[in-house]
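K.L.:
First the structure, then my questions, so here it is.
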Amino acid sequence: MDPNRYCVIMAGGVGSRFWPMSTKKFPKQFQDILGVGRTMIQQTYDRISQIVLRENIFVITNAEYTDLTHEQLPDIPAQNIVGEPMVKNTSACNLYMVKKIHQINPNAQIVVLPSDHLILKEQVFLDKIDLAFRLVAEKDYLITLGITPTRPDTGYGYIQFMEKKGEDHFKVKTFTEKPNLEFAKTFIESGDFLWNAGIFIWNTQSILRSFEEFLPEMVQEFDHCEYNTEGEIKCIEAIYPKVEKISIDNGILEKAKNVFVIPADLGWSDLGTWTSVYENAKKDKEHNTINSKYVQTYNAKGNIIRVKNKNKALIIDGLKNYIVVDTDKALLICPKEHDQIIKDYVTELRTLKKGEKFM
């Protein structure tokens, strides 16, 4: 494997739409959401470790999840699991990791991956990442993977590209954050829009130049620290409250002129809701997806049923198109069509006296 290739896995989210399975103490990326025997972050590591040396794989997560990350990914060197002192969106964590890796290897190329996405076509994914690595090794490009859209979905950002026949990568024209349904339909019909998967590839020099151009104040803060030293953590803790909370899309990619996209049909889902899990999970003859052999269903169709205690018996009678999630501390029963507002249930529960214990 090429020693100049690195990976950063972003694993800082809480995944409140997956409550009560996903909690603040044990969030979505550390759960086996699909019931396949490996957690989401483990599946992400399994994929990328086929083309990136394990000592070149880094994880950035919330400081409270570093031990959990090391427990689930024991093959990654402990010093490569980095904790953020607070949530500051994706610009800060990307700049932090680029600074660390650039100090180790100024010729590094980095792929940035979310920790909790489903990718069914693994070899296609690896081929596209290999292409991106080869491009950024030679060119001043910031590359993103664009997913071929299958429907006018309002839950994803869109990338418009300038197509040239015979090419395998294209210059990005515009980024659009989560449009309304009418715009989404227009995008699909035009044929020159892709879903933004949040997968990025660049070399450290190119992305550092972009940060200096578009987020110079953030760069000034991070320049105060000496990376991969004993003083790094205290320095990061001191500067993090001062840096802007902004996504890498808004802060860099929407403004830079050297952004390119590689279209990719990956069998991809961001698994952002219980319904998206249902769509990608194995189902029985009644179209239920169940993770325990001790769940019995009667006149029940189209449900997703997840139980933490797989030795516990559940009887489901008469439910259709519902989400049922049973954990040690909470039980959720709601229509699948309400999956987007589960996060609102969680917000309201937090306001109750002692509600935090259910999170």
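Going through the structure tokens in order, the chains are called A, B, and so on, while each chain numbers its residues from 1 and the ligands are numbered from 1 in the order shown.
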Which neighbours of Tyr345 of chain A fall inside 12 Å, counting only C-alpha atoms, when residues of the same chain fewer than 3 positions from it are skipped, and could you give them as a PyMOL selection string?
P.N.:
chain A and resi 16-20+332-334+338-342+348-352+355+358-359
K.L.:
If you keep N, CA and C atoms, can you produce a file of those selected residues as a compact mmCIF listing (two decimals), in the first residue's frame?
P.N.:
# COMPACT_ATOMS: atom_id res chain seq x y z
N SER A 16 -29.35 11.41 17.06
CA SER A 16 -30.57 11.47 17.88
C SER A 16 -31.78 10.89 17.17
N ARG A 17 -31.75 10.82 15.83
CA ARG A 17 -32.89 10.21 15.13
C ARG A 17 -32.97 8.70 15.37
N PHE A 18 -31.89 8.12 15.93
CA PHE A 18 -31.87 6.68 16.20
C PHE A 18 -32.09 6.36 17.68
N TRP A 19 -32.58 7.36 18.42
CA TRP A 19 -32.97 7.08 19.79
C TRP A 19 -34.12 6.08 19.76
N PRO A 20 -34.22 5.14 20.73
CA PRO A 20 -33.39 5.04 21.93
C PRO A 20 -32.17 4.12 21.80
N LEU A 332 -39.48 2.80 22.21
CA LEU A 332 -40.04 3.70 21.19
C LEU A 332 -40.99 2.91 20.31
N ILE A 333 -42.19 3.43 20.14
CA ILE A 333 -43.16 2.88 19.19
C ILE A 333 -43.75 4.06 18.43
N CYS A 334 -43.43 4.16 17.15
CA CYS A 334 -43.95 5.27 16.37
C CYS A 334 -44.05 4.90 14.90
N HIS A 338 -43.02 9.08 10.82
CA HIS A 338 -42.63 10.10 11.80
C HIS A 338 -41.15 10.02 12.18
N ASP A 339 -40.36 9.26 11.41
CA ASP A 339 -38.97 9.03 11.83
C ASP A 339 -38.15 10.31 11.88
N GLN A 340 -38.51 11.32 11.10
CA GLN A 340 -37.73 12.56 11.11
C GLN A 340 -37.93 13.37 12.38
N ILE A 341 -39.00 13.11 13.12
CA ILE A 341 -39.26 13.92 14.32
C ILE A 341 -38.87 13.20 15.61
N ILE A 342 -38.22 12.04 15.49
CA ILE A 342 -37.74 11.35 16.70
C ILE A 342 -36.79 12.26 17.48
N GLU A 348 -37.70 17.03 23.69
CA GLU A 348 -38.73 17.24 24.70
C GLU A 348 -38.49 16.38 25.94
N LEU A 349 -38.00 15.16 25.72
CA LEU A 349 -37.72 14.28 26.86
C LEU A 349 -36.63 14.87 27.74
N ARG A 350 -35.68 15.55 27.12
CA ARG A 350 -34.59 16.17 27.90
C ARG A 350 -35.11 17.25 28.84
N THR A 351 -36.24 17.85 28.49
CA THR A 351 -36.76 18.94 29.33
C THR A 351 -37.48 18.40 30.57
N LEU A 352 -37.79 17.07 30.56
CA LEU A 352 -38.46 16.49 31.72
C LEU A 352 -37.48 16.35 32.89
N GLY A 355 -34.95 13.59 32.79
CA GLY A 355 -35.04 13.06 31.44
C GLY A 355 -33.70 12.70 30.83
N PHE A 358 -32.37 9.03 30.21
CA PHE A 358 -32.83 8.20 29.11
C PHE A 358 -32.04 8.45 27.82
N MET A 359 -31.11 9.38 27.87
CA MET A 359 -30.37 9.80 26.67
C MET A 359 -29.10 9.01 26.51
K.L.:
Quick one: everything within 8 Å of Leu314 of chain A, counting only C-alpha atoms, minus sequence neighbours fewer than 2 positions away in the same chain. Send it as a PyMOL selection string.
P.N.:
chain A and resi 294-296+312+316
K.L.:
Considering only C-alpha atoms, return as a PyMOL selection string whatever protein or nucleic-acid residues lie within 8 Å of segment 241-253 of chain A, sequence-local ones (same chain, fewer than 5 positions apart) excluded.
P.N.:
chain A and resi 86+88-92+94+142+210-211+214-215+217-218+221+259
K.L.:
Kindly save the residues from that selection, with N, CA and C atoms included, as a PDB file, in the first residue's frame.
P.N.:
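Contents of result07.pdb, as written:
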ATOM      1  N   MET A  86     -15.008  19.821  22.108  1.00  0.00           N
ATOM      2  CA  MET A  86     -16.394  20.242  21.928  1.00  0.00           C
ATOM      3  C   MET A  86     -16.750  20.130  20.451  1.00  0.00           C
ATOM      4  N   LYS A  88     -17.664  21.382  16.933  1.00  0.00           N
ATOM      5  CA  LYS A  88     -17.468  22.617  16.188  1.00  0.00           C
ATOM      6  C   LYS A  88     -17.719  22.436  14.687  1.00  0.00           C
ATOM      7  N   ASN A  89     -18.508  21.436  14.323  1.00  0.00           N
ATOM      8  CA  ASN A  89     -18.812  21.126  12.928  1.00  0.00           C
ATOM      9  C   ASN A  89     -17.550  20.634  12.200  1.00  0.00           C
ATOM     10  N   THR A  90     -17.628  20.491  10.864  1.00  0.00           N
ATOM     11  CA  THR A  90     -16.597  19.718  10.166  1.00  0.00           C
ATOM     12  C   THR A  90     -15.385  20.519   9.683  1.00  0.00           C
ATOM     13  N   SER A  91     -15.458  21.842   9.647  1.00  0.00           N
ATOM     14  CA  SER A  91     -14.262  22.595   9.251  1.00  0.00           C
ATOM     15  C   SER A  91     -13.162  22.454  10.291  1.00  0.00           C
ATOM     16  N   ALA A  92     -13.514  22.650  11.558  1.00  0.00           N
ATOM     17  CA  ALA A  92     -12.511  22.590  12.632  1.00  0.00           C
ATOM     18  C   ALA A  92     -11.878  21.205  12.720  1.00  0.00           C
ATOM     19  N   ASN A  94     -11.618  18.901  10.448  1.00  0.00           N
ATOM     20  CA  ASN A  94     -10.787  18.625   9.276  1.00  0.00           C
ATOM     21  C   ASN A  94      -9.466  19.377   9.332  1.00  0.00           C
ATOM     22  N   LEU A 142      -9.526  19.478  -4.869  1.00  0.00           N
ATOM     23  CA  LEU A 142     -10.309  19.041  -3.724  1.00  0.00           C
ATOM     24  C   LEU A 142     -11.432  18.197  -4.312  1.00  0.00           C
ATOM     25  N   SER A 210      -6.473  26.159   0.904  1.00  0.00           N
ATOM     26  CA  SER A 210      -7.880  26.568   0.869  1.00  0.00           C
ATOM     27  C   SER A 210      -8.329  27.119   2.222  1.00  0.00           C
ATOM     28  N   PHE A 211      -7.896  26.485   3.301  1.00  0.00           N
ATOM     29  CA  PHE A 211      -8.221  27.019   4.622  1.00  0.00           C
ATOM     30  C   PHE A 211      -7.622  28.410   4.805  1.00  0.00           C
ATOM     31  N   PHE A 214      -9.898  30.863   2.730  1.00  0.00           N
ATOM     32  CA  PHE A 214     -11.309  31.057   3.051  1.00  0.00           C
ATOM     33  C   PHE A 214     -11.629  31.094   4.543  1.00  0.00           C
ATOM     34  N   LEU A 215     -10.773  30.509   5.373  1.00  0.00           N
ATOM     35  CA  LEU A 215     -10.990  30.540   6.818  1.00  0.00           C
ATOM     36  C   LEU A 215      -9.690  30.919   7.529  1.00  0.00           C
ATOM     37  N   GLU A 217      -8.903  33.076   9.864  1.00  0.00           N
ATOM     38  CA  GLU A 217      -8.923  33.245  11.320  1.00  0.00           C
ATOM     39  C   GLU A 217      -8.853  31.890  12.024  1.00  0.00           C
ATOM     40  N   MET A 218      -9.494  30.890  11.447  1.00  0.00           N
ATOM     41  CA  MET A 218      -9.427  29.551  12.019  1.00  0.00           C
ATOM     42  C   MET A 218      -8.004  29.015  11.924  1.00  0.00           C
ATOM     43  N   GLU A 221      -5.734  30.372  14.644  1.00  0.00           N
ATOM     44  CA  GLU A 221      -5.907  29.702  15.937  1.00  0.00           C
ATOM     45  C   GLU A 221      -5.159  28.367  15.958  1.00  0.00           C
ATOM     46  N   VAL A 259     -12.655  22.471  -6.973  1.00  0.00           N
ATOM     47  CA  VAL A 259     -13.398  21.335  -6.443  1.00  0.00           C
ATOM     48  C   VAL A 259     -13.892  20.465  -7.596  1.00  0.00           C
TER      49      VAL A 259
END
K.L.:
Could you write out, as a PyMOL selection string, all the residues of segment 84-221 of chain A that DSSP marks as strand (DSSP E or B)?
P.N.:
chain A and resi 84+109-114+118-119+142-147+158-162+170-176+193-203
K.L.:
Give the answer as one residue: which of A:Lys336, A:Lys100, A:Arg134, A:His117 has the shortest atom-to-atom distance to Ala197 of chain A, using only C-alpha atoms?
P.N.:
A:His117
K.L.:
With distances taken over only C-alpha atoms, which of A:Gly157, A:Pro27, A:Gly302, A:Gly35 is nearest to Pro179 of chain A?
P.N.:
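Residue with the minimum atom-to-atom distance to Pro179 of chain A: A:Gly157.
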